[in-house]
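So this one's upload-v6.cif, mmCIF, N, CA and C atoms:
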```
data_upload
#
loop_
_atom_site.group_PDB
_atom_site.id
_atom_site.type_symbol
_atom_site.label_atom_id
_atom_site.label_comp_id
_atom_site.auth_asym_id
_atom_site.auth_seq_id
_atom_site.Cartn_x
_atom_site.Cartn_y
_atom_site.Cartn_z
ATOM 1 N N MET E 784 0.827 -1.179 0.000
ATOM 2 C CA MET E 784 0.000 0.000 0.000
ATOM 3 C C MET E 784 0.880 1.254 0.000
ATOM 4 N N THR E 785 2.070 1.140 0.582
ATOM 5 C CA THR E 785 2.992 2.275 0.580
ATOM 6 C C THR E 785 3.386 2.621 -0.852
ATOM 7 N N SER E 786 3.657 1.605 -1.662
ATOM 8 C CA SER E 786 4.008 1.842 -3.066
ATOM 9 C C SER E 786 2.847 2.466 -3.823
ATOM 10 N N ALA E 787 1.645 2.015 -3.545
ATOM 11 C CA ALA E 787 0.461 2.591 -4.201
ATOM 12 C C ALA E 787 0.305 4.049 -3.809
ATOM 13 N N GLN E 788 0.554 4.346 -2.540
ATOM 14 C CA GLN E 788 0.466 5.735 -2.062
ATOM 15 C C GLN E 788 1.517 6.598 -2.770
ATOM 16 N N ARG E 789 2.765 6.097 -2.802
ATOM 17 C CA ARG E 789 3.852 6.842 -3.456
ATOM 18 C C ARG E 789 3.584 7.047 -4.944
ATOM 19 N N SER E 790 2.898 6.095 -5.563
ATOM 20 C CA SER E 790 2.603 6.182 -6.995
ATOM 21 C C SER E 790 1.431 7.100 -7.302
ATOM 22 N N GLY E 791 0.802 7.622 -6.271
ATOM 23 C CA GLY E 791 -0.319 8.528 -6.469
ATOM 24 C C GLY E 791 -1.640 7.839 -6.736
ATOM 25 N N LEU E 792 -1.689 6.536 -6.500
ATOM 26 C CA LEU E 792 -2.911 5.780 -6.795
ATOM 27 C C LEU E 792 -3.983 5.937 -5.728
ATOM 28 N N LEU E 793 -3.620 6.459 -4.565
ATOM 29 C CA LEU E 793 -4.576 6.533 -3.464
ATOM 30 C C LEU E 793 -4.903 7.964 -3.065
ATOM 31 N N THR E 794 -4.604 8.919 -3.933
ATOM 32 C CA THR E 794 -4.770 10.326 -3.561
ATOM 33 C C THR E 794 -6.224 10.740 -3.423
ATOM 34 N N GLU E 795 -7.062 10.323 -4.327
ATOM 35 C CA GLU E 795 -8.473 10.702 -4.282
ATOM 36 C C GLU E 795 -9.336 9.448 -4.216
ATOM 37 N N LYS E 796 -10.399 9.531 -3.486
ATOM 38 C CA LYS E 796 -11.356 8.421 -3.427
ATOM 39 C C LYS E 796 -12.607 8.882 -4.160
ATOM 40 N N ASP E 797 -12.497 8.908 -5.492
ATOM 41 C CA ASP E 797 -13.591 9.437 -6.297
ATOM 42 C C ASP E 797 -14.190 8.389 -7.232
ATOM 43 N N GLY E 798 -13.774 7.134 -7.088
ATOM 44 C CA GLY E 798 -14.328 6.065 -7.915
ATOM 45 C C GLY E 798 -15.205 5.156 -7.074
ATOM 46 N N ARG E 799 -16.006 4.382 -7.744
ATOM 47 C CA ARG E 799 -16.900 3.457 -7.036
ATOM 48 C C ARG E 799 -16.918 2.139 -7.801
ATOM 49 N N ILE E 800 -16.940 1.040 -7.060
ATOM 50 C CA ILE E 800 -16.992 -0.283 -7.678
ATOM 51 C C ILE E 800 -17.941 -1.141 -6.847
ATOM 52 N N GLY E 801 -18.613 -2.050 -7.487
ATOM 53 C CA GLY E 801 -19.525 -2.936 -6.776
ATOM 54 C C GLY E 801 -19.611 -4.267 -7.496
ATOM 55 N N GLY E 802 -19.991 -5.265 -6.786
ATOM 56 C CA GLY E 802 -20.136 -6.576 -7.407
ATOM 57 C C GLY E 802 -20.627 -7.593 -6.401
ATOM 58 N N ARG E 803 -21.104 -8.690 -6.895
ATOM 59 C CA ARG E 803 -21.564 -9.774 -6.030
ATOM 60 C C ARG E 803 -20.474 -10.839 -6.028
ATOM 61 N N LEU E 804 -20.017 -11.177 -4.825
ATOM 62 C CA LEU E 804 -18.926 -12.133 -4.674
ATOM 63 C C LEU E 804 -19.296 -13.193 -3.659
ATOM 64 N N SER E 805 -18.621 -14.297 -3.721
ATOM 65 C CA SER E 805 -18.801 -15.369 -2.753
ATOM 66 C C SER E 805 -18.395 -14.866 -1.368
ATOM 67 N N ALA E 806 -19.245 -15.089 -0.383
ATOM 68 C CA ALA E 806 -18.929 -14.706 0.990
ATOM 69 C C ALA E 806 -17.688 -15.448 1.483
ATOM 70 N N ALA E 807 -17.528 -16.698 1.043
ATOM 71 C CA ALA E 807 -16.360 -17.489 1.443
ATOM 72 C C ALA E 807 -15.071 -16.866 0.889
ATOM 73 N N LEU E 808 -15.129 -16.357 -0.342
ATOM 74 C CA LEU E 808 -13.963 -15.708 -0.941
ATOM 75 C C LEU E 808 -13.576 -14.464 -0.150
ATOM 76 N N ILE E 809 -14.560 -13.661 0.180
ATOM 77 C CA ILE E 809 -14.312 -12.435 0.943
ATOM 78 C C ILE E 809 -13.748 -12.779 2.322
ATOM 79 N N GLU E 810 -14.359 -13.740 2.995
ATOM 80 C CA GLU E 810 -13.923 -14.143 4.334
ATOM 81 C C GLU E 810 -12.476 -14.639 4.319
ATOM 82 N N GLN E 811 -12.144 -15.476 3.340
ATOM 83 C CA GLN E 811 -10.785 -16.025 3.255
ATOM 84 C C GLN E 811 -9.776 -14.931 2.925
ATOM 85 N N ALA E 812 -10.121 -14.022 2.016
ATOM 86 C CA ALA E 812 -9.227 -12.922 1.665
ATOM 87 C C ALA E 812 -8.964 -12.031 2.874
ATOM 88 N N LYS E 813 -9.995 -11.764 3.655
ATOM 89 C CA LYS E 813 -9.831 -10.959 4.866
ATOM 90 C C LYS E 813 -8.960 -11.693 5.879
ATOM 91 N N ALA E 814 -9.174 -12.990 6.028
ATOM 92 C CA ALA E 814 -8.378 -13.780 6.972
ATOM 93 C C ALA E 814 -6.911 -13.799 6.559
ATOM 94 N N ASN E 815 -6.649 -13.945 5.258
ATOM 95 C CA ASN E 815 -5.271 -14.012 4.769
ATOM 96 C C ASN E 815 -4.547 -12.679 4.862
ATOM 97 N N THR E 816 -5.281 -11.583 4.755
ATOM 98 C CA THR E 816 -4.650 -10.259 4.751
ATOM 99 C C THR E 816 -4.724 -9.550 6.093
ATOM 100 N N GLY E 817 -5.672 -9.940 6.928
ATOM 101 C CA GLY E 817 -5.891 -9.225 8.173
ATOM 102 C C GLY E 817 -6.697 -7.953 7.989
ATOM 103 N N ILE E 818 -7.242 -7.761 6.803
ATOM 104 C CA ILE E 818 -8.048 -6.578 6.499
ATOM 105 C C ILE E 818 -9.497 -6.861 6.877
ATOM 106 N N ALA E 819 -10.113 -5.939 7.612
ATOM 107 C CA ALA E 819 -11.485 -6.138 8.070
ATOM 108 C C ALA E 819 -12.516 -5.438 7.187
ATOM 109 N N SER E 820 -12.130 -4.345 6.561
ATOM 110 C CA SER E 820 -13.053 -3.521 5.783
ATOM 111 C C SER E 820 -13.136 -3.990 4.332
ATOM 112 N N ASP E 821 -14.358 -4.061 3.799
ATOM 113 C CA ASP E 821 -14.540 -4.422 2.384
ATOM 114 C C ASP E 821 -13.829 -3.420 1.480
ATOM 115 N N THR E 822 -13.942 -2.131 1.794
ATOM 116 C CA THR E 822 -13.323 -1.090 0.979
ATOM 117 C C THR E 822 -11.806 -1.236 0.982
ATOM 118 N N GLU E 823 -11.226 -1.450 2.162
ATOM 119 C CA GLU E 823 -9.774 -1.603 2.239
ATOM 120 C C GLU E 823 -9.308 -2.864 1.531
ATOM 121 N N LEU E 824 -10.115 -3.924 1.589
ATOM 122 C CA LEU E 824 -9.769 -5.168 0.896
ATOM 123 C C LEU E 824 -9.749 -4.953 -0.613
ATOM 124 N N LEU E 825 -10.756 -4.277 -1.141
ATOM 125 C CA LEU E 825 -10.785 -3.968 -2.571
ATOM 126 C C LEU E 825 -9.610 -3.073 -2.964
ATOM 127 N N GLU E 826 -9.331 -2.077 -2.146
ATOM 128 C CA GLU E 826 -8.219 -1.170 -2.416
ATOM 129 C C GLU E 826 -6.900 -1.944 -2.457
ATOM 130 N N PHE E 827 -6.707 -2.841 -1.509
ATOM 131 C CA PHE E 827 -5.505 -3.668 -1.450
ATOM 132 C C PHE E 827 -5.384 -4.545 -2.699
ATOM 133 N N ALA E 828 -6.477 -5.213 -3.060
ATOM 134 C CA ALA E 828 -6.459 -6.103 -4.221
ATOM 135 C C ALA E 828 -6.172 -5.336 -5.509
ATOM 136 N N LEU E 829 -6.818 -4.206 -5.694
ATOM 137 C CA LEU E 829 -6.614 -3.417 -6.906
ATOM 138 C C LEU E 829 -5.219 -2.808 -6.957
ATOM 139 N N ALA E 830 -4.699 -2.383 -5.812
ATOM 140 C CA ALA E 830 -3.338 -1.835 -5.765
ATOM 141 C C ALA E 830 -2.333 -2.906 -6.164
ATOM 142 N N ASN E 831 -2.542 -4.139 -5.716
ATOM 143 C CA ASN E 831 -1.639 -5.225 -6.088
ATOM 144 C C ASN E 831 -1.651 -5.473 -7.591
ATOM 145 N N LEU E 832 -2.806 -5.387 -8.198
ATOM 146 C CA LEU E 832 -2.896 -5.558 -9.648
ATOM 147 C C LEU E 832 -2.278 -4.370 -10.385
ATOM 148 N N ALA E 833 -2.531 -3.174 -9.894
ATOM 149 C CA ALA E 833 -2.024 -1.970 -10.552
ATOM 150 C C ALA E 833 -0.505 -1.886 -10.482
ATOM 151 N N LEU E 834 0.082 -2.431 -9.435
ATOM 152 C CA LEU E 834 1.528 -2.343 -9.233
ATOM 153 C C LEU E 834 2.240 -3.643 -9.579
ATOM 154 N N GLU E 835 1.587 -4.518 -10.290
ATOM 155 C CA GLU E 835 2.158 -5.811 -10.650
ATOM 156 C C GLU E 835 3.545 -5.619 -11.260
ATOM 157 N N ASP E 836 4.488 -6.467 -10.877
ATOM 158 C CA ASP E 836 5.863 -6.287 -11.338
ATOM 159 C C ASP E 836 6.172 -6.928 -12.695
ATOM 160 N N ARG E 837 5.275 -7.694 -13.222
ATOM 161 C CA ARG E 837 5.432 -8.327 -14.535
ATOM 162 C C ARG E 837 6.658 -9.248 -14.616
ATOM 163 N N PHE E 838 6.992 -9.877 -13.486
ATOM 164 C CA PHE E 838 8.129 -10.788 -13.446
ATOM 165 C C PHE E 838 7.988 -11.913 -14.458
ATOM 166 N N ALA E 839 6.810 -12.520 -14.535
ATOM 167 C CA ALA E 839 6.613 -13.656 -15.436
ATOM 168 C C ALA E 839 6.897 -13.273 -16.879
ATOM 169 N N GLU E 840 6.452 -12.099 -17.293
ATOM 170 C CA GLU E 840 6.710 -11.643 -18.664
ATOM 171 C C GLU E 840 8.202 -11.431 -18.900
ATOM 172 N N ALA E 841 8.885 -10.835 -17.940
ATOM 173 C CA ALA E 841 10.323 -10.595 -18.078
ATOM 174 C C ALA E 841 11.090 -11.912 -18.115
ATOM 175 N N PHE E 842 10.679 -12.869 -17.283
ATOM 176 C CA PHE E 842 11.339 -14.171 -17.238
ATOM 177 C C PHE E 842 11.162 -14.913 -18.558
ATOM 178 N N GLU E 843 9.963 -14.838 -19.097
ATOM 179 C CA GLU E 843 9.695 -15.489 -20.380
ATOM 180 C C GLU E 843 10.488 -14.826 -21.506
ATOM 181 N N ALA E 844 10.634 -13.517 -21.432
ATOM 182 C CA ALA E 844 11.369 -12.782 -22.470
ATOM 183 C C ALA E 844 12.839 -13.206 -22.548
ATOM 184 N N VAL E 845 13.393 -13.671 -21.445
ATOM 185 C CA VAL E 845 14.784 -14.138 -21.462
ATOM 186 C C VAL E 845 14.855 -15.648 -21.629
ATOM 187 N N GLY E 846 13.778 -16.218 -22.103
ATOM 188 C CA GLY E 846 13.750 -17.641 -22.416
ATOM 189 C C GLY E 846 13.567 -18.536 -21.209
ATOM 190 N N GLY E 847 13.137 -17.976 -20.101
ATOM 191 C CA GLY E 847 12.904 -18.790 -18.904
ATOM 192 C C GLY E 847 14.180 -19.376 -18.347
ATOM 193 N N THR E 848 15.295 -18.708 -18.569
ATOM 194 C CA THR E 848 16.572 -19.218 -18.088
ATOM 195 C C THR E 848 17.135 -18.316 -16.994
ATOM 196 N N VAL E 849 18.025 -18.896 -16.245
ATOM 197 C CA VAL E 849 18.732 -18.162 -15.203
ATOM 198 C C VAL E 849 20.217 -18.299 -15.497
ATOM 199 N N ASP E 850 20.953 -17.221 -15.321
ATOM 200 C CA ASP E 850 22.397 -17.234 -15.521
ATOM 201 C C ASP E 850 23.002 -18.332 -14.649
ATOM 202 N N PRO E 851 23.747 -19.271 -15.243
ATOM 203 C CA PRO E 851 24.309 -20.376 -14.460
ATOM 204 C C PRO E 851 25.282 -19.914 -13.375
ATOM 205 N N ASP E 852 25.836 -18.707 -13.495
ATOM 206 C CA ASP E 852 26.757 -18.186 -12.482
ATOM 207 C C ASP E 852 26.053 -17.470 -11.339
ATOM 208 N N LEU E 853 24.731 -17.327 -11.432
ATOM 209 C CA LEU E 853 23.959 -16.637 -10.406
ATOM 210 C C LEU E 853 23.940 -17.484 -9.145
ATOM 211 N N LYS E 854 24.310 -16.890 -8.019
ATOM 212 C CA LYS E 854 24.312 -17.611 -6.749
ATOM 213 C C LYS E 854 22.908 -17.523 -6.148
ATOM 214 N N LEU E 855 22.250 -18.667 -6.019
ATOM 215 C CA LEU E 855 20.881 -18.739 -5.539
ATOM 216 C C LEU E 855 20.798 -19.043 -4.040
ATOM 217 N N GLY E 856 21.904 -19.244 -3.395
ATOM 218 C CA GLY E 856 21.904 -19.439 -1.964
ATOM 219 C C GLY E 856 21.699 -20.876 -1.510
ATOM 220 N N PHE E 857 21.833 -21.826 -2.423
ATOM 221 C CA PHE E 857 21.756 -23.231 -2.012
ATOM 222 C C PHE E 857 22.605 -24.066 -2.925
#
```

Translate this file's structure into structure tokens.
Amino acid sequence: MTSAQRSGLLTEKDGRIGGRLSAALIEQAKANTGIASDTELLEFALANLALEDRFAEAFEAVGGTVDPDLKLGF
């Protein structure tokens, strides 16, 4: 959320979103994140999507390989 704040994504609360979701999905997402508010949960989920690092795309672009000299710690 700090990155979303720094990126200016949380400056104004002028949008609205709604939808019907499984209560079990909402409950599990709240349990996993520790977030109690529906609004904060949506904000967290959308911020994660907006700030996605695109690692998978970058990894695929280099052929899914890792430099053999890279020390992976094991």

Any chance you could tabulate, as JSON lines, the residues of region 820-847 of chain E at most 8 Å from region 786-805 of chain E with each one's nearest atom pair and distance in Å to one decimal, using all atoms listed in the file, in chain and rising number order?
```
{"residue": "E:Ala830", "atom": "CA", "partner": "E:Ala787", "partner_atom": "CA", "distance": 6.0}
{"residue": "E:Asn831", "atom": "N", "partner": "E:Ala787", "partner_atom": "CA", "distance": 7.5}
{"residue": "E:Ala833", "atom": "C", "partner": "E:Ala787", "partner_atom": "CA", "distance": 7.8}
{"residue": "E:Leu834", "atom": "CA", "partner": "E:Ala787", "partner_atom": "CA", "distance": 7.1}
```

Any chance you could export the current selection's N, CA and C atoms as an mmCIF file, in the coordinates of the input?
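Done, and the output landed in again_30.cif:
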```
data_model
loop_
_atom_site.group_PDB
_atom_site.id
_atom_site.type_symbol
_atom_site.label_atom_id
_atom_site.label_comp_id
_atom_site.auth_asym_id
_atom_site.auth_seq_id
_atom_site.Cartn_x
_atom_site.Cartn_y
_atom_site.Cartn_z
ATOM 1 N N ALA E 830 -4.699 -2.383 -5.812
ATOM 2 C CA ALA E 830 -3.338 -1.835 -5.765
ATOM 3 C C ALA E 830 -2.333 -2.906 -6.164
ATOM 4 N N ASN E 831 -2.542 -4.139 -5.716
ATOM 5 C CA ASN E 831 -1.639 -5.225 -6.088
ATOM 6 C C ASN E 831 -1.651 -5.473 -7.591
ATOM 7 N N ALA E 833 -2.531 -3.174 -9.894
ATOM 8 C CA ALA E 833 -2.024 -1.970 -10.552
ATOM 9 C C ALA E 833 -0.505 -1.886 -10.482
ATOM 10 N N LEU E 834 0.082 -2.431 -9.435
ATOM 11 C CA LEU E 834 1.528 -2.343 -9.233
ATOM 12 C C LEU E 834 2.240 -3.643 -9.579
#
```

So how many Å separate atom N of Gln811 (chain E) and atom C of Asp836 (chain E), to one decimal?
->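 Value for the atom N of Gln811 (chain E)-atom C of Asp836 (chain E) distance: 25.8 Å.
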
Could you work out an axis-aligned bounding box for all listed atoms of region 852-856 of chain E, with 5 Å added on each of the six sides, and give its centre and edge lengths in Å to one decimal, as lines of an AutoDock Vina configuration file?
```
center_x = 23.8
center_y = -18.8
center_z = -7.5
size_x = 16.0
size_y = 14.2
size_z = 22.0
```

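The interatomic distance for the pair atom N of Asp821 (chain E) and atom C of Leu808 (chain E) works out to 11.2 Å.
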
At what distance in Å, to one decimal, does CA of Glu835 (chain E) lie from CA of Lys854 (chain E)?
->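 Distance between the two atoms: 25.4 Å.
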